[in-house]
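Contents: one structure, followed by commentary.
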Amino acid sequence: MSSILIDTINNTMNDIRYLTAGEAASELGVSRATLYAYVSRGLIRSEASGGGRSRVYRAEDVKLLRDRKTPGREPATDGHALAWGAPVLDSTITLIADGRLFYRGRDAARLARTATLETVAAILWECGGEDPFADNRPPEVEPPPGLVGIDRSLALLAAAAPGDLRAFNLEPAGVARTGARLVRLLAAGMAGIPASTGPIHQVLARGWEASHPAASDLIRAALVLLADHELNASAFTVRCIASTGAAPYAAVTGGLCALQGPRHGGETARVEAMLREIEHGEARSAMAERMRRGDRLSGFGHILYPDGDPRARSLLQLIESALPDGPALALGRALAEAVRDLTGTEPNVDFALSVMGRALGLPAHAPLGIFAVGRCVGWIAHAREQYATRTLIRPRSRYVGEMPEDLRTP
């Protein structure tokens with residue numbers, strides 16, 4: 001394809017200008033993978049070209065995004081920059097593009113078929129031939145009695161942090177080994193059993209007394225699918241904390257606090273409430289009534305996946321294979337069909353986790369627990385990447401309040 005701007009592609013009348021992938025990436029100063037991520041997020045429009053063999057990119061979108069990315073000391077004028085807006089930092093960890101999720105170039109759905117969370121951790125933490133989980137037992141601490149789920153995990157981290165002096169090694173290999181101890185502590189906290197060096201999915205299955213033969217493998221796949229999801233609220237929280245130079249214990253604790261909110265990982269509890277609501281009723285009328293009240297239909301739709309969340313699709317397929325006739329799956333199908341009919345939206349991973357928890361008879365906190373333990377791997381990857389930059393994340397705000405009298409425009 002010519003290296004000059006492309007002015008055709010069925011719309012020369014509108015004089016729309018296009019760039020090749022190489023030109024667009026060069027204009028933005030990013031890799032092609034990052035360019036494709038911008039396209040998947042709707043930030044740059046693209047069209048097929050050359051008989052569908054390649055794609056070209058709207059020059060006006062590239063220019064707008066380039067201008068937004070230009071560094072400076074003045075605050076951003078786009079009031080929505082942090083609400084699914086322009087990217088705020090570069091990363092080599094996770095790509096969301098064309099309705100798919102990739103961990104350092106590897107398809108997460110494919111990894112979920114056989115890989116363990118430990119294997120994915122080694123990929124995301126760039127461990128090479130080193131195994132950060134080998135001979136790396138977490139500190140032996142006891143949380144206060146009576147705590148479960150995230151509360152127990154937070155207490156374990158708080159108890160372990162002061163004595164784990166190796167956590168202050170912020171070199172990549174040191175962060176990876178600290179990360180392995182943190183993942184094991186989180187798994188122990190969520191499972192309600194002492195920390196061990198066993199495979200993470202088996203630790204969770206044992207602690208939750210999941211007796212179905214497929215339980216351990218389904219938990220393994222879910223952990224892999226949840227390992228990272230680019231710059232979501234908890235990952236950004238982790239990066240902000242890591243940018244101050246705080247140790248991984250502090251960063252992961254911040255991630256856990258962000259994750260449990262009902263607009264993030266806490267969404268699983270809302271999905272469970274919807275499933276309970278239709279247990280003895282009719283799904284379509286119950287969801288229509290929710291819509292009439294203005295209630296959100298939790299567990300459906302995702303702005304990054306307009307055609308459906310690939311993580312949910314993969315996990316639901318695995319559940320269907322293992323438990324095709326289970327009542328939990330039938331209930332999930334009824335709810336998904338009702339919402340699809342009413343809104344046209346597809347289930348997301350929160351929905352799939354909740355259905356899996358029901359199908360396996362797991363404790364109420366288990367779906368969020370799987371989310372947290374899996375996502376801890378991504379948090380460590382983000383912390384590790386942030387430490388390497390040696391820069392502080394410090395955005396500017398755009399002041400919209402009352403101006404001081406001597407600064408007011410005459």
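Ligands are numbered from 1 in the order shown, chains are lettered A, B, ... in the order of the structure tokens, and residues start at 1 in each chain.
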
Residues at most 6 Å from segment 385-397 of chain A, counting only C-alpha atoms, excluding those fewer than 3 positions away in the same chain, as a VMD selection string? chain A and resid 75 240 243 to 244 382

What does the file look like for those residues with N, CA and C atoms, as a PDB file, in the first residue's frame?
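Once everything was written out, this is part_21.pdb:
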```pdb
ATOM      1  N   PRO A  75      -3.706  20.755  32.688  1.00  0.00           N
ATOM      2  CA  PRO A  75      -4.639  19.647  32.846  1.00  0.00           C
ATOM      3  C   PRO A  75      -5.379  19.367  31.549  1.00  0.00           C
ATOM      4  N   CYS A 240      -0.907   3.238  40.573  1.00  0.00           N
ATOM      5  CA  CYS A 240      -0.705   4.494  41.313  1.00  0.00           C
ATOM      6  C   CYS A 240       0.083   4.244  42.591  1.00  0.00           C
ATOM      7  N   SER A 243       3.648   3.354  41.786  1.00  0.00           N
ATOM      8  CA  SER A 243       4.415   4.497  41.281  1.00  0.00           C
ATOM      9  C   SER A 243       5.030   5.317  42.407  1.00  0.00           C
ATOM     10  N   THR A 244       4.503   5.187  43.619  1.00  0.00           N
ATOM     11  CA  THR A 244       5.091   5.897  44.757  1.00  0.00           C
ATOM     12  C   THR A 244       6.310   5.167  45.310  1.00  0.00           C
ATOM     13  N   HIS A 382       1.315  -5.324  36.568  1.00  0.00           N
ATOM     14  CA  HIS A 382       1.228  -3.870  36.450  1.00  0.00           C
ATOM     15  C   HIS A 382       2.176  -3.177  37.426  1.00  0.00           C
TER      16      HIS A 382
END
```

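Residues with any atom within 12 Å of Asp341 of chain A, counting only C-alpha atoms and excluding same-chain neighbours fewer than 5 positions away, are A:Ala283, A:Arg284, A:Ser285, A:Met287, A:Ala288, A:Ala334, A:Leu335, A:Ala336, A:Glu346.
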
Test item: residues at most 7 Å from Ala235 of chain A, only C-alpha atoms, excluding those fewer than 3 positions along its chain, as a ChimeraX atom specification: /A:231-232,238-239,255,379,382

Emit the selected residues as a CSV table (one decimal), in the first residue's frame, including C-alpha atoms.
```
chain,number,residue,atom,x,y,z
A,231,LEU,CA,-6.2,-0.7,32.9
A,232,ASN,CA,-9.3,-1.3,34.9
A,238,VAL,CA,-2.2,-0.8,41.9
A,239,ARG,CA,-0.1,1.2,39.4
A,255,GLY,CA,-6.2,-3.5,44.3
A,379,TRP,CA,-1.8,-6.6,39.5
A,382,HIS,CA,1.2,-3.9,36.5
```

Long-range neighbours of Tyr38 of chain A as a ChimeraX atom specification, 10 Å cut-off, only C-alpha atoms, 4 positions minimum in chain: /A:32-34,42-45,62,65,86-87,95-97

12 Å contact set for Arg276 of chain A, only C-alpha atoms, chain neighbours under 4 positions out, as a ChimeraX atom specification: /A:269-272,280-283,286,328,331-332,335,354-355,358

So that I can check the surroundings of segment 107-116 of chain A, please list as number ranges by chain every protein, DNA and RNA residue that reaches within 6 Å of it, counting only C-alpha atoms and ignoring chain neighbours fewer than 6 positions away. A: 101, 221, 224

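Take atom CA of Leu117 of chain A and atom CA of Arg220 of chain A: the distance between them is 6.8 Å.
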
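Taking atom CA of Leu124 of chain A and atom CA of Thr94 of chain A as endpoints, the distance between them is 8.5 Å.
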
Using only C-alpha atoms, which protein or nucleic acid residues come within 12 Å of Pro199 of chain A? Drop anything in the same chain fewer than 6 positions from it, and give the result as a list of chain:residue names. A:Ala115, A:Thr116, A:Leu117, A:Glu118, A:Thr119, A:Phe133, A:Ala134, A:Ala180, A:Val183, A:Arg184, A:Ala187, A:Ala188, A:Ala205, A:Arg206, A:Ser216, A:Asp217, A:Ile219, A:Arg220, A:Leu223

Put those residues in a file: C-alpha atoms, as a JSON list (two decimals), in the first residue's frame.
```
[["chain", "number", "residue", "atom", "x", "y", "z"],
["A", 115, "ALA", "CA", -2.76, -23.45, 31.42],
["A", 116, "THR", "CA", -2.58, -22.93, 35.17],
["A", 117, "LEU", "CA", -2.59, -19.55, 36.87],
["A", 118, "GLU", "CA", 1.06, -20.12, 37.76],
["A", 119, "THR", "CA", 1.90, -20.58, 34.08],
["A", 133, "PHE", "CA", 6.56, -20.17, 42.83],
["A", 134, "ALA", "CA", 9.33, -22.75, 43.34],
["A", 180, "ALA", "CA", 3.96, -15.62, 44.04],
["A", 183, "VAL", "CA", -1.08, -15.05, 45.23],
["A", 184, "ARG", "CA", -0.69, -17.96, 47.63],
["A", 187, "ALA", "CA", -5.75, -18.14, 47.77],
["A", 188, "ALA", "CA", -5.41, -19.24, 51.39],
["A", 205, "ALA", "CA", -11.24, -26.32, 45.30],
["A", 206, "ARG", "CA", -10.08, -28.07, 48.49],
["A", 216, "SER", "CA", -10.78, -27.91, 40.10],
["A", 217, "ASP", "CA", -10.43, -27.59, 36.32],
["A", 219, "ILE", "CA", -11.69, -22.95, 38.78],
["A", 220, "ARG", "CA", -8.33, -23.19, 36.97],
["A", 223, "LEU", "CA", -8.47, -17.95, 37.22]]
```

Grab the atom CA of Leu318 of chain A to atom CA of Asp350 of chain A distance for me, in Å with one decimal place. 15.2 Å

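Using only C-alpha atoms, the nearest neighbour of Gly374 of chain A within the list A:Asp98, A:Phe236, A:Ala215, A:Leu256 is A:Leu256.
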
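Shortest atom-to-atom contact with Asp228 of chain A among A:Arg152, A:Cys376, A:Leu360, A:Lys63: A:Cys376, counting only C-alpha atoms.
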
Taking the chain letters and numbering used in this document, name the residues of segment 249-363 of chain A that DSSP puts in alpha helix (DSSP H), as JSON, numbers by chain. {"A": [249, 250, 251, 252, 253, 254, 255, 256, 257, 258, 259, 267, 268, 269, 270, 271, 272, 273, 274, 275, 276, 277, 278, 283, 284, 285, 286, 287, 288, 289, 290, 291, 292, 293, 310, 311, 312, 313, 314, 315, 316, 317, 318, 319, 320, 321, 322, 327, 328, 329, 330, 331, 332, 333, 334, 335, 336, 337, 338, 339, 340, 341, 342, 343, 349, 350, 351, 352, 353, 354, 355, 356, 357, 358, 359, 360]}

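Compared by their closest atoms to Ile16 of chain A, and using only C-alpha atoms, the residues A:Thr197, A:Ser46, A:Ser153, A:Thr237 rank with A:Ser46 nearest.
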
Nearest to Gly369 of chain A, chosen from A:Met190, A:Ala322, A:Leu82, A:Val88, with only C-alpha atoms counted in the distances: A:Met190

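Considering only C-alpha atoms, the residue among A:Leu28, A:Ala242, A:Leu35, A:Asn136 positioned nearest to Leu170 of chain A is A:Ala242.
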
Shortest contact to Met291 of chain A, candidates A:Gly326, A:Ala338, A:Leu89, A:Ala191, atoms counted only C-alpha atoms, goes to A:Ala338
